[in-house]
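To be precise, the following lines are work_32.pdb, and they hold PDB, C-alpha atoms.
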ATOM      1  CA  MET K   1     100.855 113.403 121.200  1.00  0.00           C
ATOM      2  CA  ASN K   2     103.966 111.261 121.170  1.00  0.00           C
ATOM      3  CA  ALA K   3     102.134 108.600 119.200  1.00  0.00           C
ATOM      4  CA  VAL K   4     101.204 111.125 116.510  1.00  0.00           C
ATOM      5  CA  PHE K   5     104.828 112.182 116.266  1.00  0.00           C
ATOM      6  CA  ASP K   6     105.867 108.553 115.906  1.00  0.00           C
ATOM      7  CA  TYR K   7     103.360 108.048 113.110  1.00  0.00           C
ATOM      8  CA  ALA K   8     104.692 111.172 111.379  1.00  0.00           C
ATOM      9  CA  ALA K   9     108.232 109.816 111.691  1.00  0.00           C
ATOM     10  CA  TRP K  10     107.147 106.517 110.149  1.00  0.00           C
ATOM     11  CA  PHE K  11     105.358 108.360 107.361  1.00  0.00           C
ATOM     12  CA  ALA K  12     108.407 110.488 106.578  1.00  0.00           C
ATOM     13  CA  SER K  13     110.658 107.410 106.543  1.00  0.00           C
ATOM     14  CA  LEU K  14     108.262 105.679 104.167  1.00  0.00           C
ATOM     15  CA  CYS K  15     108.235 108.735 101.903  1.00  0.00           C
ATOM     16  CA  PHE K  16     112.029 108.838 101.823  1.00  0.00           C
ATOM     17  CA  VAL K  17     112.282 105.146 100.993  1.00  0.00           C
ATOM     18  CA  LEU K  18     109.753 105.521  98.180  1.00  0.00           C
ATOM     19  CA  ALA K  19     111.708 108.529  96.930  1.00  0.00           C
ATOM     20  CA  MET K  20     114.867 106.408  96.912  1.00  0.00           C
ATOM     21  CA  LEU K  21     112.998 103.809  94.843  1.00  0.00           C
ATOM     22  CA  CYS K  22     111.991 106.516  92.357  1.00  0.00           C
ATOM     23  CA  ALA K  23     115.594 107.651  92.087  1.00  0.00           C
ATOM     24  CA  LEU K  24     116.660 104.024  91.528  1.00  0.00           C
ATOM     25  CA  VAL K  25     114.133 103.699  88.693  1.00  0.00           C
ATOM     26  CA  ARG K  26     115.591 106.781  87.030  1.00  0.00           C
ATOM     27  CA  LEU K  27     119.075 105.423  87.646  1.00  0.00           C
ATOM     28  CA  PHE K  28     118.242 102.253  85.712  1.00  0.00           C
ATOM     29  CA  ILE K  29     116.154 103.653  82.874  1.00  0.00           C
ATOM     30  CA  GLY K  30     117.979 106.951  82.465  1.00  0.00           C
ATOM     31  CA  PRO K  31     118.669 107.420  78.769  1.00  0.00           C
ATOM     32  CA  ALA K  32     121.809 109.525  79.110  1.00  0.00           C
ATOM     33  CA  ALA K  33     124.698 109.566  81.538  1.00  0.00           C
ATOM     34  CA  GLN K  34     123.704 112.906  83.036  1.00  0.00           C
ATOM     35  CA  ASP K  35     120.315 111.440  84.003  1.00  0.00           C
ATOM     36  CA  ARG K  36     122.057 108.743  85.954  1.00  0.00           C
ATOM     37  CA  VAL K  37     124.286 111.247  87.716  1.00  0.00           C
ATOM     38  CA  LEU K  38     121.245 113.302  88.645  1.00  0.00           C
ATOM     39  CA  ALA K  39     119.536 110.171  89.961  1.00  0.00           C
ATOM     40  CA  LEU K  40     122.609 109.358  92.081  1.00  0.00           C
ATOM     41  CA  ASP K  41     122.554 112.902  93.452  1.00  0.00           C
ATOM     42  CA  THR K  42     118.902 112.507  94.480  1.00  0.00           C
ATOM     43  CA  LEU K  43     119.617 109.050  95.851  1.00  0.00           C
ATOM     44  CA  TYR K  44     122.307 110.160  98.266  1.00  0.00           C
ATOM     45  CA  ILE K  45     120.257 113.092  99.478  1.00  0.00           C
ATOM     46  CA  ASN K  46     117.354 110.729 100.182  1.00  0.00           C
ATOM     47  CA  GLY K  47     119.651 108.281 101.927  1.00  0.00           C
ATOM     48  CA  MET K  48     120.972 111.098 104.097  1.00  0.00           C
ATOM     49  CA  LEU K  49     117.405 112.056 105.018  1.00  0.00           C
ATOM     50  CA  THR K  50     116.601 108.436 105.875  1.00  0.00           C
ATOM     51  CA  LEU K  51     119.602 108.347 108.203  1.00  0.00           C
ATOM     52  CA  LEU K  52     118.442 111.565 109.840  1.00  0.00           C
ATOM     53  CA  MET K  53     115.032 110.017 110.364  1.00  0.00           C
ATOM     54  CA  LEU K  54     116.686 107.036 112.022  1.00  0.00           C
ATOM     55  CA  GLY K  55     118.505 109.491 114.262  1.00  0.00           C
ATOM     56  CA  ILE K  56     115.273 111.259 115.190  1.00  0.00           C
ATOM     57  CA  ARG K  57     113.430 108.013 115.890  1.00  0.00           C
ATOM     58  CA  SER K  58     116.169 106.436 117.972  1.00  0.00           C
ATOM     59  CA  SER K  59     117.177 109.781 119.594  1.00  0.00           C
ATOM     60  CA  SER K  60     120.850 109.137 119.046  1.00  0.00           C
ATOM     61  CA  THR K  61     123.490 111.564 117.770  1.00  0.00           C
ATOM     62  CA  VAL K  62     125.640 109.015 115.957  1.00  0.00           C
ATOM     63  CA  TYR K  63     123.499 109.216 112.829  1.00  0.00           C
ATOM     64  CA  PHE K  64     124.172 112.927 112.500  1.00  0.00           C
ATOM     65  CA  ASP K  65     127.865 112.343 111.768  1.00  0.00           C
ATOM     66  CA  MET K  66     127.014 109.697 109.200  1.00  0.00           C
ATOM     67  CA  ALA K  67     124.575 112.071 107.511  1.00  0.00           C
ATOM     68  CA  LEU K  68     127.207 114.802 107.390  1.00  0.00           C
ATOM     69  CA  LEU K  69     129.724 112.395 105.860  1.00  0.00           C
ATOM     70  CA  ILE K  70     127.201 111.227 103.268  1.00  0.00           C
ATOM     71  CA  ALA K  71     126.500 114.842 102.322  1.00  0.00           C
ATOM     72  CA  LEU K  72     130.225 115.604 101.964  1.00  0.00           C
ATOM     73  CA  PHE K  73     131.141 112.537  99.926  1.00  0.00           C
ATOM     74  CA  GLY K  74     128.007 112.720  97.814  1.00  0.00           C
ATOM     75  CA  PHE K  75     128.779 116.296  96.849  1.00  0.00           C
ATOM     76  CA  ALA K  76     132.361 115.393  95.987  1.00  0.00           C
ATOM     77  CA  SER K  77     131.260 112.423  93.872  1.00  0.00           C
ATOM     78  CA  THR K  78     128.620 114.428  92.020  1.00  0.00           C
ATOM     79  CA  ILE K  79     131.165 117.133  91.234  1.00  0.00           C
ATOM     80  CA  ALA K  80     133.672 114.530  90.063  1.00  0.00           C
ATOM     81  CA  LEU K  81     131.144 112.792  87.809  1.00  0.00           C
ATOM     82  CA  ALA K  82     129.903 116.075  86.337  1.00  0.00           C
ATOM     83  CA  LYS K  83     133.486 117.132  85.688  1.00  0.00           C
ATOM     84  CA  PHE K  84     134.139 113.822  84.002  1.00  0.00           C
ATOM     85  CA  LEU K  85     131.099 114.237  81.764  1.00  0.00           C
ATOM     86  CA  LEU K  86     132.137 117.772  80.953  1.00  0.00           C
ATOM     87  CA  ARG K  87     135.861 117.387  80.273  1.00  0.00           C
ATOM     88  CA  GLY K  88     136.629 113.687  79.907  1.00  0.00           C
ATOM     89  CA  GLU K  89     138.871 113.564  82.956  1.00  0.00           C
ATOM     90  CA  VAL K  90     138.509 114.554  86.569  1.00  0.00           C
ATOM     91  CA  ILE K  91     141.855 115.969  87.594  1.00  0.00           C
ATOM     92  CA  GLU K  92     143.454 117.867  84.793  1.00  0.00           C
ATOM     93  CA  PRO K  93     147.133 118.693  84.676  1.00  0.00           C
TER      94      PRO K  93
ATOM     95  CA  MET G  94     110.405 104.332 120.050  1.00  0.00           C
ATOM     96  CA  ASN G  95     111.379 107.429 121.967  1.00  0.00           C
ATOM     97  CA  HIS G  96     110.804 106.255 125.487  1.00  0.00           C
ATOM     98  CA  VAL G  97     110.962 109.854 126.660  1.00  0.00           C
ATOM     99  CA  ASP G  98     107.897 112.066 126.606  1.00  0.00           C
ATOM    100  CA  LEU G  99     108.561 114.861 124.203  1.00  0.00           C
ATOM    101  CA  PRO G 100     106.957 118.197 125.093  1.00  0.00           C
ATOM    102  CA  LEU G 101     104.222 119.734 122.986  1.00  0.00           C
ATOM    103  CA  TRP G 102     106.428 122.458 121.506  1.00  0.00           C
ATOM    104  CA  VAL G 103     108.405 119.686 119.859  1.00  0.00           C
ATOM    105  CA  THR G 104     105.712 117.302 118.732  1.00  0.00           C
ATOM    106  CA  ILE G 105     103.286 119.705 117.050  1.00  0.00           C
ATOM    107  CA  PRO G 106     105.781 121.519 114.757  1.00  0.00           C
ATOM    108  CA  GLY G 107     107.785 118.315 114.406  1.00  0.00           C
ATOM    109  CA  THR G 108     104.794 116.371 113.124  1.00  0.00           C
ATOM    110  CA  LEU G 109     103.830 119.071 110.655  1.00  0.00           C
ATOM    111  CA  LEU G 110     107.384 119.504 109.405  1.00  0.00           C
ATOM    112  CA  LEU G 111     107.958 115.766 109.003  1.00  0.00           C
ATOM    113  CA  VAL G 112     104.771 115.240 107.001  1.00  0.00           C
ATOM    114  CA  PHE G 113     105.477 118.291 104.860  1.00  0.00           C
ATOM    115  CA  GLY G 114     109.111 117.351 104.252  1.00  0.00           C
ATOM    116  CA  GLY G 115     108.298 113.745 103.442  1.00  0.00           C
ATOM    117  CA  LEU G 116     105.662 114.752 100.915  1.00  0.00           C
ATOM    118  CA  LEU G 117     108.028 117.290  99.324  1.00  0.00           C
ATOM    119  CA  VAL G 118     110.816 114.755  98.906  1.00  0.00           C
ATOM    120  CA  LEU G 119     108.444 112.134  97.522  1.00  0.00           C
ATOM    121  CA  ILE G 120     106.890 114.544  95.019  1.00  0.00           C
ATOM    122  CA  GLY G 121     110.339 115.713  93.925  1.00  0.00           C
ATOM    123  CA  SER G 122     111.594 112.209  93.287  1.00  0.00           C
ATOM    124  CA  ALA G 123     108.366 111.235  91.517  1.00  0.00           C
ATOM    125  CA  GLY G 124     108.910 114.211  89.239  1.00  0.00           C
ATOM    126  CA  LEU G 125     112.394 112.883  88.547  1.00  0.00           C
ATOM    127  CA  VAL G 126     110.802 109.726  87.163  1.00  0.00           C
ATOM    128  CA  LYS G 127     107.803 111.284  85.438  1.00  0.00           C
ATOM    129  CA  LEU G 128     109.101 114.301  83.545  1.00  0.00           C
ATOM    130  CA  GLU G 129     110.112 114.025  79.912  1.00  0.00           C
ATOM    131  CA  HIS G 130     113.292 115.943  79.281  1.00  0.00           C
ATOM    132  CA  PHE G 131     116.534 116.215  81.195  1.00  0.00           C
ATOM    133  CA  TYR G 132     116.313 119.956  81.707  1.00  0.00           C
ATOM    134  CA  ALA G 133     112.841 119.516  83.166  1.00  0.00           C
ATOM    135  CA  ARG G 134     114.081 116.702  85.380  1.00  0.00           C
ATOM    136  CA  MET G 135     116.736 118.942  86.931  1.00  0.00           C
ATOM    137  CA  HIS G 136     114.153 120.944  88.842  1.00  0.00           C
ATOM    138  CA  PRO G 137     111.964 118.702  91.047  1.00  0.00           C
ATOM    139  CA  PRO G 138     114.652 116.983  93.160  1.00  0.00           C
ATOM    140  CA  THR G 139     115.994 120.402  94.125  1.00  0.00           C
ATOM    141  CA  MET G 140     112.781 121.033  96.052  1.00  0.00           C
ATOM    142  CA  GLY G 141     113.341 117.936  98.158  1.00  0.00           C
ATOM    143  CA  THR G 142     117.028 118.697  98.518  1.00  0.00           C
ATOM    144  CA  THR G 143     116.637 122.139 100.016  1.00  0.00           C
ATOM    145  CA  LEU G 144     113.182 122.389 101.562  1.00  0.00           C
ATOM    146  CA  GLY G 145     112.787 118.745 102.585  1.00  0.00           C
ATOM    147  CA  THR G 146     116.231 118.654 104.160  1.00  0.00           C
ATOM    148  CA  GLY G 147     115.459 121.906 105.953  1.00  0.00           C
ATOM    149  CA  CYS G 148     112.241 120.490 107.404  1.00  0.00           C
ATOM    150  CA  VAL G 149     113.881 117.286 108.632  1.00  0.00           C
ATOM    151  CA  LEU G 150     116.836 119.138 110.111  1.00  0.00           C
ATOM    152  CA  ILE G 151     114.633 121.611 111.981  1.00  0.00           C
ATOM    153  CA  THR G 152     112.740 118.651 113.456  1.00  0.00           C
ATOM    154  CA  SER G 153     116.024 116.996 114.384  1.00  0.00           C
ATOM    155  CA  MET G 154     117.153 120.187 116.105  1.00  0.00           C
ATOM    156  CA  LEU G 155     113.885 120.391 118.068  1.00  0.00           C
ATOM    157  CA  VAL G 156     114.054 116.758 119.193  1.00  0.00           C
ATOM    158  CA  SER G 157     117.714 116.960 120.192  1.00  0.00           C
ATOM    159  CA  SER G 158     117.145 120.198 122.087  1.00  0.00           C
ATOM    160  CA  ALA G 159     114.227 118.674 123.978  1.00  0.00           C
ATOM    161  CA  LEU G 160     116.179 115.539 124.828  1.00  0.00           C
ATOM    162  CA  GLU G 161     119.372 117.256 125.963  1.00  0.00           C
ATOM    163  CA  GLN G 162     117.583 120.115 127.777  1.00  0.00           C
ATOM    164  CA  ARG G 163     119.742 122.689 126.003  1.00  0.00           C
ATOM    165  CA  PRO G 164     119.732 124.227 122.533  1.00  0.00           C
ATOM    166  CA  VAL G 165     121.420 121.861 120.063  1.00  0.00           C
ATOM    167  CA  ILE G 166     122.083 123.524 116.737  1.00  0.00           C
ATOM    168  CA  HIS G 167     124.837 121.467 115.143  1.00  0.00           C
ATOM    169  CA  GLU G 168     122.389 120.276 112.469  1.00  0.00           C
ATOM    170  CA  ILE G 169     122.847 123.719 110.925  1.00  0.00           C
ATOM    171  CA  LEU G 170     126.134 122.345 109.545  1.00  0.00           C
ATOM    172  CA  ILE G 171     124.308 119.952 107.232  1.00  0.00           C
ATOM    173  CA  THR G 172     121.784 122.613 106.237  1.00  0.00           C
ATOM    174  CA  VAL G 173     124.456 125.129 105.308  1.00  0.00           C
ATOM    175  CA  PHE G 174     126.491 122.540 103.458  1.00  0.00           C
ATOM    176  CA  VAL G 175     123.576 121.145 101.454  1.00  0.00           C
ATOM    177  CA  VAL G 176     122.188 124.572 100.608  1.00  0.00           C
ATOM    178  CA  MET G 177     125.630 125.723  99.482  1.00  0.00           C
ATOM    179  CA  SER G 178     126.495 122.613  97.494  1.00  0.00           C
ATOM    180  CA  ALA G 179     123.212 121.903  95.685  1.00  0.00           C
ATOM    181  CA  PRO G 180     123.387 124.841  93.229  1.00  0.00           C
ATOM    182  CA  VAL G 181     127.041 124.141  92.444  1.00  0.00           C
ATOM    183  CA  SER G 182     126.435 120.508  91.523  1.00  0.00           C
ATOM    184  CA  ALA G 183     123.248 121.385  89.614  1.00  0.00           C
ATOM    185  CA  MET G 184     125.078 124.017  87.586  1.00  0.00           C
ATOM    186  CA  LEU G 185     127.983 121.720  86.738  1.00  0.00           C
ATOM    187  CA  LEU G 186     125.599 118.923  85.761  1.00  0.00           C
ATOM    188  CA  MET G 187     123.609 121.292  83.567  1.00  0.00           C
ATOM    189  CA  ARG G 188     126.752 122.485  81.808  1.00  0.00           C
ATOM    190  CA  ALA G 189     127.807 118.887  81.227  1.00  0.00           C
ATOM    191  CA  ALA G 190     124.385 118.097  79.737  1.00  0.00           C
ATOM    192  CA  VAL G 191     124.490 121.147  77.453  1.00  0.00           C
ATOM    193  CA  TYR G 192     127.976 120.234  76.282  1.00  0.00           C
ATOM    194  CA  ARG G 193     127.114 116.602  75.599  1.00  0.00           C
ATOM    195  CA  GLU G 194     123.911 117.393  73.722  1.00  0.00           C
ATOM    196  CA  HIS G 195     125.767 119.982  71.688  1.00  0.00           C
ATOM    197  CA  ARG G 196     128.370 117.402  70.702  1.00  0.00           C
ATOM    198  CA  LYS G 197     125.705 114.853  69.761  1.00  0.00           C
ATOM    199  CA  ARG G 198     124.126 117.247  67.258  1.00  0.00           C
ATOM    200  CA  PRO G 199     125.091 116.374  63.655  1.00  0.00           C
ATOM    201  CA  GLU G 200     127.690 118.575  62.053  1.00  0.00           C
ATOM    202  CA  PRO G 201     126.887 120.475  58.857  1.00  0.00           C
ATOM    203  CA  THR G 202     127.854 117.880  56.261  1.00  0.00           C
ATOM    204  CA  GLN G 203     129.142 119.921  53.362  1.00  0.00           C
ATOM    205  CA  PRO G 204     131.534 122.793  53.472  1.00  0.00           C
ATOM    206  CA  LEU G 205     130.329 125.986  51.951  1.00  0.00           C
ATOM    207  CA  ASP G 206     132.110 125.835  48.563  1.00  0.00           C
ATOM    208  CA  ASP G 207     130.703 122.341  47.758  1.00  0.00           C
ATOM    209  CA  ILE G 208     127.104 123.519  47.744  1.00  0.00           C
ATOM    210  CA  GLY G 209     127.596 125.490  44.582  1.00  0.00           C
ATOM    211  CA  GLY G 210     128.083 128.940  45.840  1.00  0.00           C
ATOM    212  CA  THR G 211     131.179 130.814  44.875  1.00  0.00           C
ATOM    213  CA  ILE G 212     133.565 132.251  47.322  1.00  0.00           C
ATOM    214  CA  PRO G 213     134.348 135.841  46.421  1.00  0.00           C
ATOM    215  CA  PRO G 214     138.015 136.296  45.623  1.00  0.00           C
ATOM    216  CA  ARG G 215     140.093 138.010  48.191  1.00  0.00           C
ATOM    217  CA  ASP G 216     141.803 141.131  46.993  1.00  0.00           C
TER     218      ASP G 216
END
As structure tokens, how would this structure be written, given the file I've shared?
Amino acid sequence: MNAVFDYAAWFASLCFVLAMLCALVRLFIGPAAQDRVLALDTLYINGMLTLLMLGIRSSSTVYFDMALLIALFGFASTIALAKFLLRGEVIEP
Amino acid sequence: MNHVDLPLWVTIPGTLLLVFGGLLVLIGSAGLVKLEHFYARMHPPTMGTTLGTGCVLITSMLVSSALEQRPVIHEILITVFVVMSAPVSAMLLMRAAVYREHRKRPEPTQPLDDIGGTIPPRD
């Protein structure tokens, strides 16, 4: 049963990497700026999931902290970029 | 990889959840590439963000609990944070897109009194 779980972990990692490639395609061909921001949002979520899969496969808890940090900084950067697209500056007086 | 034998109550739900979550995330990101319009493209990655992350984090909780022989639930932090932050960023991004497409729309070229109509005099 462990082997099946390992195959499932490999499959999920492969899916996340392919999803990151899809997000990269949208990041390059995106016609407007908001498409690129959306693609970056998807990209960091998929990267966080890939890190979590590494943590599951290597049974280590270090990857959890990295995933939490990626979630925090990705959210902050998405908010900053959306605010920039909306208002023209990030921190307003 | 894991050189520890995981028990059955971890491997069976873990396998199902990993396959399900991986497929969800892949379908969501493929929809991000395939769909035509920006407002349609907002939707599919959200599925992977919430449900796919939930599946992977539940599996992570199961594996950590089985390895440490005690309930490990600190992955709930990521779940709560992602579930709380995804709608906020989606809403801000949507408002930015609406604003930018509204600004790109051409303005009405002529003011009203150049078309030929008369403005009624104010009394």
Practice problem: Specify as a list of chain:residue names all residues of chain K found within 6 Å of chain G, counting all atoms listed in the file. | Solution: K:Phe5, K:Ala8, K:Ala12, K:Cys15, K:Ala19, K:Cys22, K:Arg26, K:Ile56, K:Leu68, K:Ile79, K:Ala82, K:Leu85, K:Leu86
Let me know the centre plus edge lengths, in Å and rounded to one decimal, of a box with edges along x, y and z that contains all listed atoms of segment 52-71 of chain K and is padded by 3 Å on every side, as lines of an AutoDock Vina configuration file.
center_x = 121.6
center_y = 110.6
center_z = 111.0
size_x = 22.3
size_y = 14.4
size_z = 23.3
Review point. Which distance in Å separates atom CA of Asn46 of chain K and atom CA of Val17 of chain K, to one decimal?
Key: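 Rounded to one decimal, the two atoms are 7.6 Å apart.
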Next item on the list: Please provide as a ChimeraX atom specification all residues within 6 Å of segment 36-41 of chain K, with the sequence filter that same-chain residues fewer than 4 positions apart are discarded (counting only C-alpha atoms).
Entry: /K:23,26-27,30
In the coordinate frame of the file, compute which residues have an atom within 7 Å of (123.7, 112.6, 102.2) when using all atoms listed in the file, and state them as a PyMOL selection string. chain K and resi 44-49+67-68+70-71+74
### Query
Hey, can you check how far atom CA of Met53 of chain K sits from atom CA of Arg163 of chain G?
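Pair atom CA of Met53 of chain K / atom CA of Arg163 of chain G returns 20.7 Å.
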I'd like the neighbourhood of Met66 of chain K as a count of residues only, where a residue qualifies if any of its atoms comes within 10 Å (using only C-alpha atoms), though same-chain residues fewer than 5 positions away should be ignored.
7
### Task
Rounded to one decimal place, report the atom CA of Ser58 of chain K-atom CA of Phe11 of chain K distance in Å.
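Atom CA of Ser58 of chain K sits 15.3 Å away from atom CA of Phe11 of chain K.
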Q) Which of these, G:Glu129, G:Gly147, G:Met140, G:Arg198, has the shortest distance to Val173 of chain G once you count only C-alpha atoms? A)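 The closest residue to Val173 of chain G is G:Gly147.
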Using all atoms listed in the file, the residue out of K:Val90, K:Ala32, K:Thr50, K:Leu24 with shortest distance to Ala76 of chain K is K:Val90
